[in-house]
>>> print(open('final11.txt').read())   # compact mmCIF, C-alpha atoms and all ligand atoms
# COMPACT_ATOMS: atom_id res chain seq x y z
CA MET A 14 124.63 24.61 -25.40
CA PRO A 15 122.63 27.27 -27.24
CA ASP A 16 120.08 27.97 -24.50
CA ALA A 17 122.62 28.23 -21.69
CA LEU A 18 122.57 31.31 -19.51
CA LEU A 19 126.20 30.70 -18.62
CA ALA A 20 128.53 28.47 -20.62
CA VAL A 21 132.05 27.94 -19.36
CA ASP A 22 134.25 26.48 -22.03
CA GLY A 23 137.78 25.19 -21.40
CA LEU A 24 138.50 27.60 -18.56
CA SER A 25 142.04 27.54 -17.14
CA VAL A 26 143.43 29.67 -14.33
CA ALA A 27 147.10 29.77 -13.31
CA PHE A 28 149.29 31.32 -10.66
CA PRO A 29 152.98 31.89 -11.27
CA GLY A 30 155.09 29.38 -9.33
CA ALA A 31 158.79 28.72 -8.86
CA GLY A 32 158.94 26.48 -11.92
CA GLY A 33 156.53 28.44 -14.13
CA ASP A 34 152.77 28.76 -14.24
CA VAL A 35 150.81 26.48 -11.94
CA GLU A 36 147.32 25.73 -13.21
CA VAL A 37 144.72 25.54 -10.46
CA VAL A 38 141.71 25.34 -12.82
CA ARG A 39 142.30 23.16 -15.85
CA ARG A 40 140.13 23.20 -18.96
CA LEU A 41 136.91 23.33 -16.99
CA SER A 42 133.66 23.29 -18.98
CA PHE A 43 130.07 23.39 -17.77
CA SER A 44 126.90 25.35 -18.29
CA VAL A 45 123.98 26.76 -16.33
CA ALA A 46 120.55 27.12 -17.93
CA PRO A 47 118.13 29.92 -16.97
CA GLY A 48 116.53 29.12 -13.62
CA GLU A 49 118.77 26.10 -13.11
CA PHE A 50 120.57 25.21 -9.87
CA VAL A 51 123.98 23.73 -10.61
CA GLY A 52 126.20 22.43 -7.84
CA LEU A 53 129.98 22.73 -8.09
CA VAL A 54 131.44 20.26 -5.62
CA GLY A 55 134.80 18.89 -4.61
CA GLU A 56 137.20 18.72 -1.69
CA SER A 57 139.05 21.71 -0.31
CA GLY A 58 141.63 23.10 -2.72
CA CYS A 59 140.18 21.63 -5.91
CA GLY A 60 139.58 25.08 -7.41
CA LYS A 61 135.93 25.89 -6.68
CA SER A 62 136.43 29.40 -5.32
CA ILE A 63 139.01 30.33 -7.95
CA THR A 64 136.49 29.21 -10.57
CA ALA A 65 133.81 31.43 -9.00
CA LEU A 66 136.18 34.39 -8.97
CA ALA A 67 137.29 33.67 -12.54
CA LEU A 68 133.67 33.81 -13.73
CA LEU A 69 133.56 37.39 -12.45
CA ARG A 70 137.10 38.10 -13.66
CA LEU A 71 138.18 38.62 -10.07
CA VAL A 72 141.03 36.10 -9.86
CA PRO A 73 143.44 37.58 -7.28
CA GLU A 74 146.78 38.83 -8.62
CA PRO A 75 149.15 37.44 -9.73
CA GLY A 76 146.76 34.71 -10.84
CA ARG A 77 145.18 34.98 -14.26
CA ILE A 78 142.85 33.25 -16.65
CA THR A 79 145.04 31.52 -19.21
CA ALA A 80 142.50 29.85 -21.49
CA GLY A 81 138.83 29.40 -22.21
CA ARG A 82 135.65 31.34 -22.73
CA ILE A 83 132.98 32.43 -20.27
CA LEU A 84 129.80 32.98 -22.24
CA LEU A 85 126.97 34.85 -20.56
CA GLU A 86 123.98 34.63 -22.90
CA GLY A 87 126.46 33.97 -25.67
CA GLU A 88 128.72 36.94 -24.94
CA ASP A 89 132.31 36.15 -23.92
CA LEU A 90 133.01 37.95 -20.64
CA LEU A 91 136.74 37.58 -21.25
CA GLU A 92 136.45 39.95 -24.18
CA LEU A 93 134.68 42.75 -22.33
CA ALA A 94 136.47 45.93 -21.35
CA GLU A 95 136.73 46.39 -17.57
CA PRO A 96 133.95 49.03 -17.33
CA GLU A 97 131.58 46.66 -19.14
CA MET A 98 132.68 43.83 -16.88
CA ARG A 99 131.85 45.98 -13.86
CA ARG A 100 128.28 46.19 -15.11
CA VAL A 101 128.13 42.41 -15.38
CA ARG A 102 129.26 41.97 -11.78
CA GLY A 103 126.36 42.41 -9.48
CA ARG A 104 123.98 43.51 -12.19
CA ARG A 105 123.82 40.29 -14.21
CA ILE A 106 125.74 37.92 -11.95
CA GLY A 107 125.23 38.28 -8.20
CA MET A 108 127.68 36.87 -5.69
CA ILE A 109 127.11 35.40 -2.22
CA PHE A 110 130.11 34.43 -0.11
CA GLN A 111 130.64 32.19 2.87
CA GLU A 112 131.41 34.90 5.38
CA PRO A 113 128.73 37.60 5.30
CA MET A 114 130.45 39.43 8.18
CA SER A 115 133.53 40.13 6.12
CA ALA A 116 131.51 41.20 3.08
CA LEU A 117 129.25 43.58 5.00
CA ASN A 118 130.53 46.94 6.21
CA PRO A 119 130.36 46.86 10.03
CA VAL A 120 129.90 50.63 10.44
CA LEU A 121 126.97 51.05 8.04
CA SER A 122 123.39 49.99 8.67
CA VAL A 123 122.11 47.09 6.60
CA GLY A 124 119.36 49.32 5.18
CA PHE A 125 121.97 51.75 3.91
CA GLN A 126 124.06 48.95 2.40
CA ILE A 127 121.14 47.37 0.57
CA ALA A 128 119.88 50.77 -0.63
CA GLU A 129 123.37 51.57 -1.93
CA ALA A 130 123.42 48.30 -3.85
CA VAL A 131 120.08 49.26 -5.39
CA ARG A 132 121.36 52.73 -6.31
CA VAL A 133 124.58 51.42 -7.88
CA HIS A 134 122.56 49.48 -10.40
CA HIS A 135 119.37 51.47 -10.86
CA ALA A 136 118.74 55.18 -11.21
CA VAL A 137 116.35 55.72 -8.32
CA SER A 138 116.02 58.29 -5.55
CA ARG A 139 117.27 57.60 -2.04
CA ARG A 140 113.71 57.16 -0.88
CA GLU A 141 112.89 54.70 -3.63
CA ALA A 142 116.08 52.80 -2.89
CA ARG A 143 115.06 52.62 0.77
CA GLU A 144 111.64 51.28 -0.15
CA GLU A 145 113.32 48.73 -2.42
CA ALA A 146 115.56 47.73 0.51
CA VAL A 147 112.44 47.03 2.58
CA ARG A 148 111.01 44.97 -0.25
CA LEU A 149 114.28 43.02 -0.61
CA LEU A 150 114.49 42.31 3.12
CA ASP A 151 110.93 41.06 2.94
CA LEU A 152 111.81 38.96 -0.11
CA VAL A 153 114.62 37.24 1.81
CA ALA A 154 112.15 36.60 4.63
CA ILE A 155 113.52 38.93 7.28
CA ALA A 156 110.72 39.72 9.71
CA ALA A 157 109.74 43.35 10.34
CA PRO A 158 111.99 44.54 7.49
CA ARG A 159 111.35 48.25 8.03
CA GLN A 160 112.62 48.06 11.61
CA ARG A 161 115.69 46.07 10.53
CA LEU A 162 116.89 48.81 8.15
CA LYS A 163 118.60 50.66 10.99
CA ASP A 164 120.36 47.58 12.33
CA TYR A 165 124.11 47.14 12.01
CA PRO A 166 125.54 43.80 10.83
CA HIS A 167 126.69 42.80 14.35
CA GLN A 168 123.12 43.14 15.64
CA LEU A 169 121.93 40.37 13.32
CA SER A 170 122.33 36.61 13.61
CA GLY A 171 124.54 34.73 11.17
CA GLY A 172 121.52 33.54 9.22
CA GLN A 173 120.05 37.05 9.04
CA ARG A 174 123.38 38.42 7.84
CA GLN A 175 123.46 35.84 5.07
CA ARG A 176 119.90 36.88 4.14
CA VAL A 177 121.09 40.49 3.96
CA MET A 178 123.92 39.38 1.67
CA ILE A 179 121.41 37.64 -0.54
CA ALA A 180 119.25 40.78 -0.55
CA ILE A 181 122.30 42.78 -1.69
CA ALA A 182 123.07 40.19 -4.38
CA LEU A 183 119.46 40.44 -5.57
CA ALA A 184 119.35 44.25 -5.51
CA ALA A 185 120.36 44.46 -9.15
CA LYS A 186 117.95 41.71 -10.22
CA PRO A 187 120.63 39.39 -11.61
CA ASP A 188 119.74 36.29 -13.67
CA LEU A 189 122.47 34.26 -12.04
CA VAL A 190 123.82 34.13 -8.52
CA ILE A 191 127.12 32.47 -7.66
CA ALA A 192 126.97 31.27 -4.08
CA ASP A 193 130.33 30.12 -2.69
CA GLU A 194 129.69 27.98 0.41
CA PRO A 195 126.80 30.26 1.43
CA THR A 196 125.73 28.10 4.35
CA THR A 197 128.97 26.53 5.56
CA ALA A 198 129.37 28.99 8.42
CA LEU A 199 125.77 28.50 9.59
CA ASP A 200 124.25 25.85 11.81
CA VAL A 201 122.21 23.11 10.17
CA THR A 202 118.75 24.57 10.80
CA VAL A 203 119.68 28.00 9.49
CA GLN A 204 121.46 26.36 6.57
CA ALA A 205 118.23 24.60 5.60
CA GLN A 206 116.32 27.90 5.83
CA ILE A 207 118.78 29.68 3.56
CA LEU A 208 118.61 26.86 1.00
CA GLU A 209 114.83 27.03 1.15
CA LEU A 210 115.06 30.75 0.55
CA LEU A 211 117.21 30.25 -2.56
CA GLU A 212 114.76 27.65 -3.82
CA GLY A 213 111.86 30.07 -3.25
CA LEU A 214 113.72 32.79 -5.15
CA ARG A 215 114.15 30.46 -8.08
CA GLN A 216 110.40 29.92 -8.19
CA GLN A 217 109.58 33.59 -7.69
CA LEU A 218 112.28 35.19 -9.85
CA GLY A 219 113.47 32.41 -12.14
CA LEU A 220 116.90 32.87 -10.59
CA ALA A 221 119.70 30.52 -11.66
CA VAL A 222 122.26 29.58 -9.00
CA LEU A 223 125.76 28.16 -9.21
CA LEU A 224 126.04 26.65 -5.75
CA ILE A 225 129.59 25.94 -4.64
CA THR A 226 129.89 23.53 -1.76
CA HIS A 227 131.82 20.56 -0.48
CA ASP A 228 128.59 19.25 1.07
CA LEU A 229 126.88 16.70 -1.15
CA ALA A 230 123.84 16.57 1.13
CA VAL A 231 123.24 20.24 0.31
CA VAL A 232 123.57 19.48 -3.39
CA ALA A 233 121.14 16.57 -3.17
CA GLU A 234 118.50 18.83 -1.65
CA THR A 235 118.96 21.88 -3.80
CA CYS A 236 120.53 21.27 -7.19
CA ASP A 237 119.28 20.09 -10.58
CA ARG A 238 122.68 19.21 -11.90
CA VAL A 239 126.14 18.68 -10.45
CA VAL A 240 129.67 19.32 -11.63
CA VAL A 241 132.27 17.44 -9.60
CA MET A 242 135.75 18.97 -9.54
CA TYR A 243 139.03 17.33 -8.67
CA ALA A 244 142.45 18.96 -8.83
CA GLY A 245 141.17 21.82 -10.96
CA GLN A 246 139.32 19.68 -13.47
CA GLY A 247 135.71 18.70 -13.98
CA VAL A 248 135.68 14.93 -13.41
CA GLU A 249 131.96 14.16 -13.53
CA GLU A 250 128.82 15.96 -14.58
CA ALA A 251 125.27 14.69 -14.25
CA PRO A 252 121.76 15.58 -13.14
CA VAL A 253 121.34 15.07 -9.40
CA GLU A 254 119.33 11.84 -9.60
CA PRO A 255 121.80 9.73 -11.63
CA LEU A 256 124.74 11.28 -9.81
CA PHE A 257 123.46 10.03 -6.48
CA ALA A 258 121.90 6.81 -7.75
CA ALA A 259 124.79 5.74 -9.96
CA PRO A 260 127.88 7.90 -9.49
CA ALA A 261 130.31 7.12 -12.31
CA HIS A 262 133.69 8.55 -11.34
CA PRO A 263 135.50 6.74 -8.52
CA TYR A 264 136.09 10.16 -6.95
CA THR A 265 132.36 10.90 -6.88
CA ARG A 266 131.71 7.48 -5.39
CA GLY A 267 134.27 8.23 -2.70
CA LEU A 268 132.68 11.59 -1.92
CA LEU A 269 129.25 10.00 -1.65
CA ALA A 270 130.51 7.25 0.61
CA ALA A 271 131.69 9.95 3.01
CA VAL A 272 128.22 11.48 3.47
CA PRO A 273 126.46 9.76 6.37
CA THR A 274 122.97 11.01 5.46
CA LEU A 275 123.35 9.56 1.99
CA GLY A 276 124.11 6.09 3.26
CA GLY A 277 127.86 6.42 3.22
CA ALA A 278 130.61 4.79 5.23
CA ALA A 279 130.14 6.97 8.28
CA ARG A 280 126.76 5.31 8.88
CA GLY A 281 127.90 1.70 8.80
CA GLY A 282 131.64 1.49 9.13
CA ASP A 283 134.44 3.87 9.91
CA LEU A 284 136.64 3.53 6.86
CA PRO A 285 137.87 6.81 5.49
CA ALA A 286 135.97 7.24 2.24
CA ILE A 287 138.88 8.43 0.11
CA PRO A 288 142.35 7.70 1.40
CA GLY A 289 145.10 10.20 0.71
CA GLN A 290 144.91 13.90 -0.04
CA VAL A 291 144.20 16.29 -2.86
CA PRO A 292 147.54 16.88 -4.65
CA GLU A 293 149.14 20.31 -4.71
CA PRO A 294 148.49 21.96 -8.08
CA ALA A 295 152.27 22.40 -8.54
CA SER A 296 152.96 18.68 -8.19
CA LEU A 297 150.15 16.75 -9.84
CA PRO A 298 150.73 13.04 -10.37
CA ALA A 299 151.27 11.87 -13.96
CA GLY A 300 148.29 10.49 -15.83
CA CYS A 301 144.94 10.89 -14.10
CA ALA A 302 145.36 13.30 -11.20
CA PHE A 303 143.14 11.08 -9.04
CA HIS A 304 144.95 7.81 -9.70
CA PRO A 305 147.00 7.60 -6.47
CA ARG A 306 143.75 7.67 -4.46
CA CYS A 307 141.58 5.68 -6.83
CA ALA A 308 140.04 2.37 -5.80
CA ASP A 309 139.75 1.32 -9.47
CA VAL A 310 143.18 2.42 -10.69
CA MET A 311 144.43 0.73 -13.86
CA ASP A 312 147.82 0.82 -15.56
CA GLU A 313 146.90 3.42 -18.11
CA CYS A 314 145.65 5.79 -15.38
CA ARG A 315 149.28 6.26 -14.35
CA GLN A 316 150.39 7.07 -17.88
CA ARG A 317 147.72 9.01 -19.76
CA GLN A 318 145.27 11.71 -18.84
CA PRO A 319 141.66 10.69 -19.37
CA GLU A 320 139.38 12.86 -21.48
CA ILE A 321 135.70 13.37 -20.71
CA TYR A 322 133.66 10.33 -21.72
CA ARG A 323 129.95 9.81 -21.93
CA VAL A 324 128.53 7.50 -19.26
CA ALA A 325 124.80 7.87 -19.88
CA GLU A 326 122.35 10.19 -21.57
CA ARG A 327 123.28 13.29 -19.57
CA GLN A 328 126.18 11.95 -17.54
CA THR A 329 129.87 12.31 -18.33
CA ALA A 330 133.04 11.31 -16.46
CA ARG A 331 136.74 11.93 -16.91
CA CYS A 332 137.71 8.33 -16.29
CA PHE A 333 139.09 5.48 -18.44
CA LEU A 334 136.37 3.20 -17.09
CA TYR A 335 134.11 4.91 -19.63
CA GLU A 336 136.50 5.15 -22.54
CA GLY A 337 136.00 2.82 -25.45
CA PRO A 338 133.05 2.11 -27.65
CA ARG A 339 130.86 4.84 -26.19
CA PRO A 340 130.80 8.08 -28.20
CA GLU A 341 132.88 10.84 -26.61
CA ALA A 342 131.10 13.75 -25.02
CA SER A 343 131.55 17.11 -26.66
CA GLY A 344 132.02 18.97 -23.37
CA SER A 345 135.81 18.61 -23.07
N1 LIG B 401 146.15 33.72 -4.29
C1 LIG B 401 146.59 32.49 -4.58
N2 LIG B 401 147.87 32.25 -4.95
C2 LIG B 401 148.30 31.02 -5.27
N3 LIG B 401 147.53 29.93 -5.24
C3 LIG B 401 146.25 30.08 -4.87
C4 LIG B 401 145.70 31.36 -4.53
N4 LIG B 401 144.39 31.20 -4.22
C5 LIG B 401 144.15 29.90 -4.35
N5 LIG B 401 145.24 29.23 -4.75
C6 LIG B 401 145.34 27.79 -4.99
O1 LIG B 401 144.36 27.41 -5.93
C7 LIG B 401 143.85 26.13 -5.62
C8 LIG B 401 142.35 26.18 -5.60
O2 LIG B 401 141.92 26.98 -4.50
P1 LIG B 401 140.39 27.30 -4.22
O3 LIG B 401 140.35 28.33 -3.15
O4 LIG B 401 139.71 27.62 -5.48
O5 LIG B 401 139.88 25.91 -3.66
P2 LIG B 401 138.41 25.54 -3.16
O6 LIG B 401 137.96 24.38 -3.98
O7 LIG B 401 137.55 26.74 -3.14
O8 LIG B 401 138.67 25.02 -1.67
P3 LIG B 401 137.79 25.23 -0.33
O9 LIG B 401 136.77 24.13 -0.33
O10 LIG B 401 138.80 25.05 0.76
O11 LIG B 401 137.19 26.60 -0.36
C9 LIG B 401 144.47 25.72 -4.29
O12 LIG B 401 145.53 24.83 -4.54
C10 LIG B 401 145.00 27.02 -3.74
O13 LIG B 401 146.14 26.78 -2.96
MG MG B 402 136.59 27.81 -1.67
>>> encode(input="final11.txt", output="structure tokens")
Amino acid sequence: MPDALLAVDGLSVAFPGAGGDVEVVRRLSFSVAPGEFVGLVGESGCGKSITALALLRLVPEPGRITAGRILLEGEDLLELAEPEMRRVRGRRIGMIFQEPMSALNPVLSVGFQIAEAVRVHHAVSRREAREEAVRLLDLVAIAAPRQRLKDYPHQLSGGQRQRVMIAIALAAKPDLVIADEPTTALDVTVQAQILELLEGLRQQLGLAVLLITHDLAVVAETCDRVVVMYAGQGVEEAPVEPLFAAPAHPYTRGLLAAVPTLGGAARGGDLPAIPGQVPEPASLPAGCAFHPRCADVMDECRQRQPEIYRVAERQTARCFLYEGPRPEASGS
């Protein structure tokens, strides 16, 4: 994709295990265009957070990236020296985590922490950085921002703390923000406000967001495009509308059926949407990793691994249901 802001190409991440390397992200490819909101979804343990960390080259030791390219405006981040990579983190790619309390320093005022983030990335005086902190707090819709500067993290509500985290992520004026479950710890009303805030920032700043979540309702409201992950792989990719109207991969269908607000099983019946559990990365089933849980399993699913196949104009799925006469997608 030539006009991609971020293009992830065949990314693999592994941790050493008893019987050799265990891959937890497997040949993952997707892209994010400037100003685009892309959702990365999947059940717990499918590799979303490790992917986010890999994009910033922050995979925890002894894990490591074993294959692929991470192109930011065409430049492969995996080829940068560490000091250059440090400039990418924060400055060009901002990061928002699930738990703002653990990311904020409890003994420093939020004004100080935001101002520091400004000063790390831009050569400005302390006073200018402080003024910028006020502007950023205002940008993330914190009321009376000047008074809030002196507050410590524990004096703020969970939603306000997440806004402060977003202000810190925006301090360097990044083009892309990776948000890993940014609203999971918040109650539903505050969650909606934070998502609204991100949407507003897209309109104001042209910000692109990679939104990691296991909540498809959040994706439906916020994202342009969705990448569905299962057992470390991308299994479906599509714009939001076709993904929700006509999900292709049986895994995606199962996920959707589990969301009550989207008309899933929880509204009408009480069947568990997807029986079984996500496999451990060290003991993946043969063939398609999803086959033991799949409602549409066929013989070949137990024997071969599916590639990525084209389903529709902008929709692809890693599923044999779509193999055959259709032309293969180039994204694998
Ligand atoms: N430090 C580590 N050492 C070994 N394995 C790890 C490590 N961190 C994560 N993993 C494994 O990598 C896989 C992917 O984990 P990851 O945290 O990316 O999942 P996730 O999709 O973010 O899940 P969740 O929705 O629960 O946040 C899991 O099987 C996990 O056990
Ligand atoms: Mg995670």
>>> residues_around(input="final11.txt", residues="stretch 191-198 of chain A", least_positions_apart="3", cutoff="10 Å", atoms="all atoms listed in the file", output="mmCIF file with C-alpha atoms, in the frame of the given file")
data_model
loop_
_atom_site.group_PDB
_atom_site.id
_atom_site.type_symbol
_atom_site.label_atom_id
_atom_site.label_comp_id
_atom_site.auth_asym_id
_atom_site.auth_seq_id
_atom_site.Cartn_x
_atom_site.Cartn_y
_atom_site.Cartn_z
ATOM 1 C CA VAL A 51 123.980 23.730 -10.610
ATOM 2 C CA GLY A 52 126.200 22.430 -7.840
ATOM 3 C CA LEU A 53 129.980 22.730 -8.090
ATOM 4 C CA VAL A 54 131.440 20.260 -5.620
ATOM 5 C CA LYS A 61 135.930 25.890 -6.680
ATOM 6 C CA SER A 62 136.430 29.400 -5.320
ATOM 7 C CA ALA A 65 133.810 31.430 -9.000
ATOM 8 C CA LEU A 66 136.180 34.390 -8.970
ATOM 9 C CA LEU A 68 133.670 33.810 -13.730
ATOM 10 C CA LEU A 69 133.560 37.390 -12.450
ATOM 11 C CA ILE A 106 125.740 37.920 -11.950
ATOM 12 C CA GLY A 107 125.230 38.280 -8.200
ATOM 13 C CA MET A 108 127.680 36.870 -5.690
ATOM 14 C CA ILE A 109 127.110 35.400 -2.220
ATOM 15 C CA PHE A 110 130.110 34.430 -0.110
ATOM 16 C CA GLN A 111 130.640 32.190 2.870
ATOM 17 C CA GLU A 112 131.410 34.900 5.380
ATOM 18 C CA PRO A 113 128.730 37.600 5.300
ATOM 19 C CA GLY A 171 124.540 34.730 11.170
ATOM 20 C CA GLY A 172 121.520 33.540 9.220
ATOM 21 C CA GLN A 175 123.460 35.840 5.070
ATOM 22 C CA ARG A 176 119.900 36.880 4.140
ATOM 23 C CA MET A 178 123.920 39.380 1.670
ATOM 24 C CA ILE A 179 121.410 37.640 -0.540
ATOM 25 C CA ALA A 182 123.070 40.190 -4.380
ATOM 26 C CA VAL A 201 122.210 23.110 10.170
ATOM 27 C CA VAL A 203 119.680 28.000 9.490
ATOM 28 C CA GLN A 204 121.460 26.360 6.570
ATOM 29 C CA ALA A 205 118.230 24.600 5.600
ATOM 30 C CA GLN A 206 116.320 27.900 5.830
ATOM 31 C CA ILE A 207 118.780 29.680 3.560
ATOM 32 C CA LEU A 208 118.610 26.860 1.000
ATOM 33 C CA LEU A 211 117.210 30.250 -2.560
ATOM 34 C CA ALA A 221 119.700 30.520 -11.660
ATOM 35 C CA VAL A 222 122.260 29.580 -9.000
ATOM 36 C CA LEU A 223 125.760 28.160 -9.210
ATOM 37 C CA LEU A 224 126.040 26.650 -5.750
ATOM 38 C CA ILE A 225 129.590 25.940 -4.640
ATOM 39 C CA THR A 226 129.890 23.530 -1.760
ATOM 40 C CA HIS A 227 131.820 20.560 -0.480
ATOM 41 C CA ASP A 228 128.590 19.250 1.070
ATOM 42 C CA VAL A 231 123.240 20.240 0.310
#
>>> axis_aligned_box(input="final11.txt", around="ligand LIG 401 (chain B)", padding_each_side="6 Å", output="JSON")
{"center_x": 142.5, "center_y": 28.9, "center_z": -2.6, "size_x": 23.5, "size_y": 21.6, "size_z": 18.7}
>>> closest_residue(input="final11.txt", among="A:Leu150, A:Val241, A:Ala80, A:Ala20", to="ligand LIG 401 (chain B)", atoms="only C-alpha atoms and all ligand atoms")
A:Val241
>>> atom_distance(input="final11.txt", atom1="atom CA of A:Leu220", atom2="atom CA of A:Asp89")
20.6 Å
>>> residues_near_ligand(input="final11.txt", ligand="ligand LIG 401 (chain B)", cutoff="10 Å", atoms="only C-alpha atoms and all ligand atoms", output="PyMOL selection string")
chain A and resi 26-30+35-38+53-67+72-76+111+193-194+225-228+242-245+291-295
>>> atom_distance(input="final11.txt", atom1="atom CA of A:Tyr165", atom2="atom CA of A:Gln126")
9.8 Å
>>> residues_near_point(input="final11.txt", point="(119.4, 31.7, -16.8)", cutoff="9 Å", atoms="all atoms listed in the file", output="short mmCIF file (atom, residue, chain, number, x, y, z; two decimals) with C-alpha atoms, keeping the file's coordinate frame")
data_model
loop_
_atom_site.label_atom_id
_atom_site.label_comp_id
_atom_site.auth_asym_id
_atom_site.auth_seq_id
_atom_site.Cartn_x
_atom_site.Cartn_y
_atom_site.Cartn_z
CA ASP A 16 120.08 27.97 -24.50
CA ALA A 17 122.62 28.23 -21.69
CA LEU A 18 122.57 31.31 -19.51
CA LEU A 19 126.20 30.70 -18.62
CA VAL A 45 123.98 26.76 -16.33
CA ALA A 46 120.55 27.12 -17.93
CA PRO A 47 118.13 29.92 -16.97
CA GLY A 48 116.53 29.12 -13.62
CA GLU A 49 118.77 26.10 -13.11
CA GLU A 86 123.98 34.63 -22.90
CA ASP A 188 119.74 36.29 -13.67
CA LEU A 189 122.47 34.26 -12.04
CA GLY A 219 113.47 32.41 -12.14
CA LEU A 220 116.90 32.87 -10.59
CA ALA A 221 119.70 30.52 -11.66
CA VAL A 222 122.26 29.58 -9.00
#
>>> atom_distance(input="final11.txt", atom1="atom CA of A:Ala330", atom2="atom CA of A:Arg306")
16.5 Å
>>> build_atoms(input="final11.txt", residues="stretch 262-268 of chain A", atoms="all heavy atoms", output="JSON list (two decimals), keeping the file's coordinate frame")
[["chain", "number", "residue", "atom", "x", "y", "z"],
["A", 262, "HIS", "N", 132.26, 8.39, -11.61],
["A", 262, "HIS", "CA", 133.69, 8.55, -11.34],
["A", 262, "HIS", "C", 134.03, 8.00, -9.95],
["A", 262, "HIS", "O", 133.29, 8.25, -8.99],
["A", 262, "HIS", "CB", 134.06, 10.03, -11.43],
["A", 262, "HIS", "CG", 135.53, 10.26, -11.61],
["A", 262, "HIS", "ND1", 136.44, 10.06, -10.59],
["A", 262, "HIS", "CD2", 136.24, 10.63, -12.69],
["A", 262, "HIS", "CE1", 137.66, 10.33, -11.05],
["A", 262, "HIS", "NE2", 137.56, 10.68, -12.32],
["A", 263, "PRO", "N", 135.12, 7.26, -9.84],
["A", 263, "PRO", "CA", 135.50, 6.74, -8.52],
["A", 263, "PRO", "C", 135.64, 7.85, -7.47],
["A", 263, "PRO", "O", 135.37, 7.62, -6.29],
["A", 263, "PRO", "CB", 136.86, 6.07, -8.79],
["A", 263, "PRO", "CG", 136.81, 5.69, -10.23],
["A", 263, "PRO", "CD", 136.00, 6.77, -10.92],
["A", 264, "TYR", "N", 136.01, 9.05, -7.90],
["A", 264, "TYR", "CA", 136.09, 10.16, -6.95],
["A", 264, "TYR", "C", 134.70, 10.52, -6.42],
["A", 264, "TYR", "O", 134.52, 10.71, -5.21],
["A", 264, "TYR", "CB", 136.73, 11.38, -7.62],
["A", 264, "TYR", "CG", 136.82, 12.58, -6.70],
["A", 264, "TYR", "CD1", 137.52, 12.50, -5.50],
["A", 264, "TYR", "CD2", 136.20, 13.78, -7.03],
["A", 264, "TYR", "CE1", 137.61, 13.59, -4.65],
["A", 264, "TYR", "CE2", 136.28, 14.87, -6.19],
["A", 264, "TYR", "CZ", 136.98, 14.78, -4.99],
["A", 264, "TYR", "OH", 137.05, 15.86, -4.16],
["A", 265, "THR", "N", 133.72, 10.60, -7.31],
["A", 265, "THR", "CA", 132.36, 10.90, -6.88],
["A", 265, "THR", "C", 131.86, 9.82, -5.93],
["A", 265, "THR", "O", 131.23, 10.12, -4.91],
["A", 265, "THR", "CB", 131.42, 11.00, -8.10],
["A", 265, "THR", "OG1", 132.04, 11.80, -9.11],
["A", 265, "THR", "CG2", 130.09, 11.62, -7.70],
["A", 266, "ARG", "N", 132.15, 8.58, -6.27],
["A", 266, "ARG", "CA", 131.71, 7.48, -5.39],
["A", 266, "ARG", "C", 132.32, 7.63, -4.01],
["A", 266, "ARG", "O", 131.67, 7.42, -3.00],
["A", 266, "ARG", "CB", 132.13, 6.14, -5.99],
["A", 266, "ARG", "CG", 131.35, 5.79, -7.24],
["A", 266, "ARG", "CD", 131.70, 4.36, -7.65],
["A", 266, "ARG", "NE", 131.67, 4.24, -9.10],
["A", 266, "ARG", "CZ", 132.47, 3.45, -9.80],
["A", 266, "ARG", "NH1", 133.37, 2.70, -9.20],
["A", 266, "ARG", "NH2", 132.37, 3.40, -11.11],
["A", 267, "GLY", "N", 133.60, 8.02, -3.99],
["A", 267, "GLY", "CA", 134.27, 8.23, -2.70],
["A", 267, "GLY", "C", 133.63, 9.36, -1.91],
["A", 267, "GLY", "O", 133.41, 9.24, -0.71],
["A", 268, "LEU", "N", 133.32, 10.46, -2.60],
["A", 268, "LEU", "CA", 132.68, 11.59, -1.92],
["A", 268, "LEU", "C", 131.35, 11.17, -1.33],
["A", 268, "LEU", "O", 131.01, 11.51, -0.20],
["A", 268, "LEU", "CB", 132.45, 12.74, -2.90],
["A", 268, "LEU", "CG", 133.63, 13.59, -3.36],
["A", 268, "LEU", "CD1", 133.13, 14.66, -4.32],
["A", 268, "LEU", "CD2", 134.32, 14.25, -2.17]]
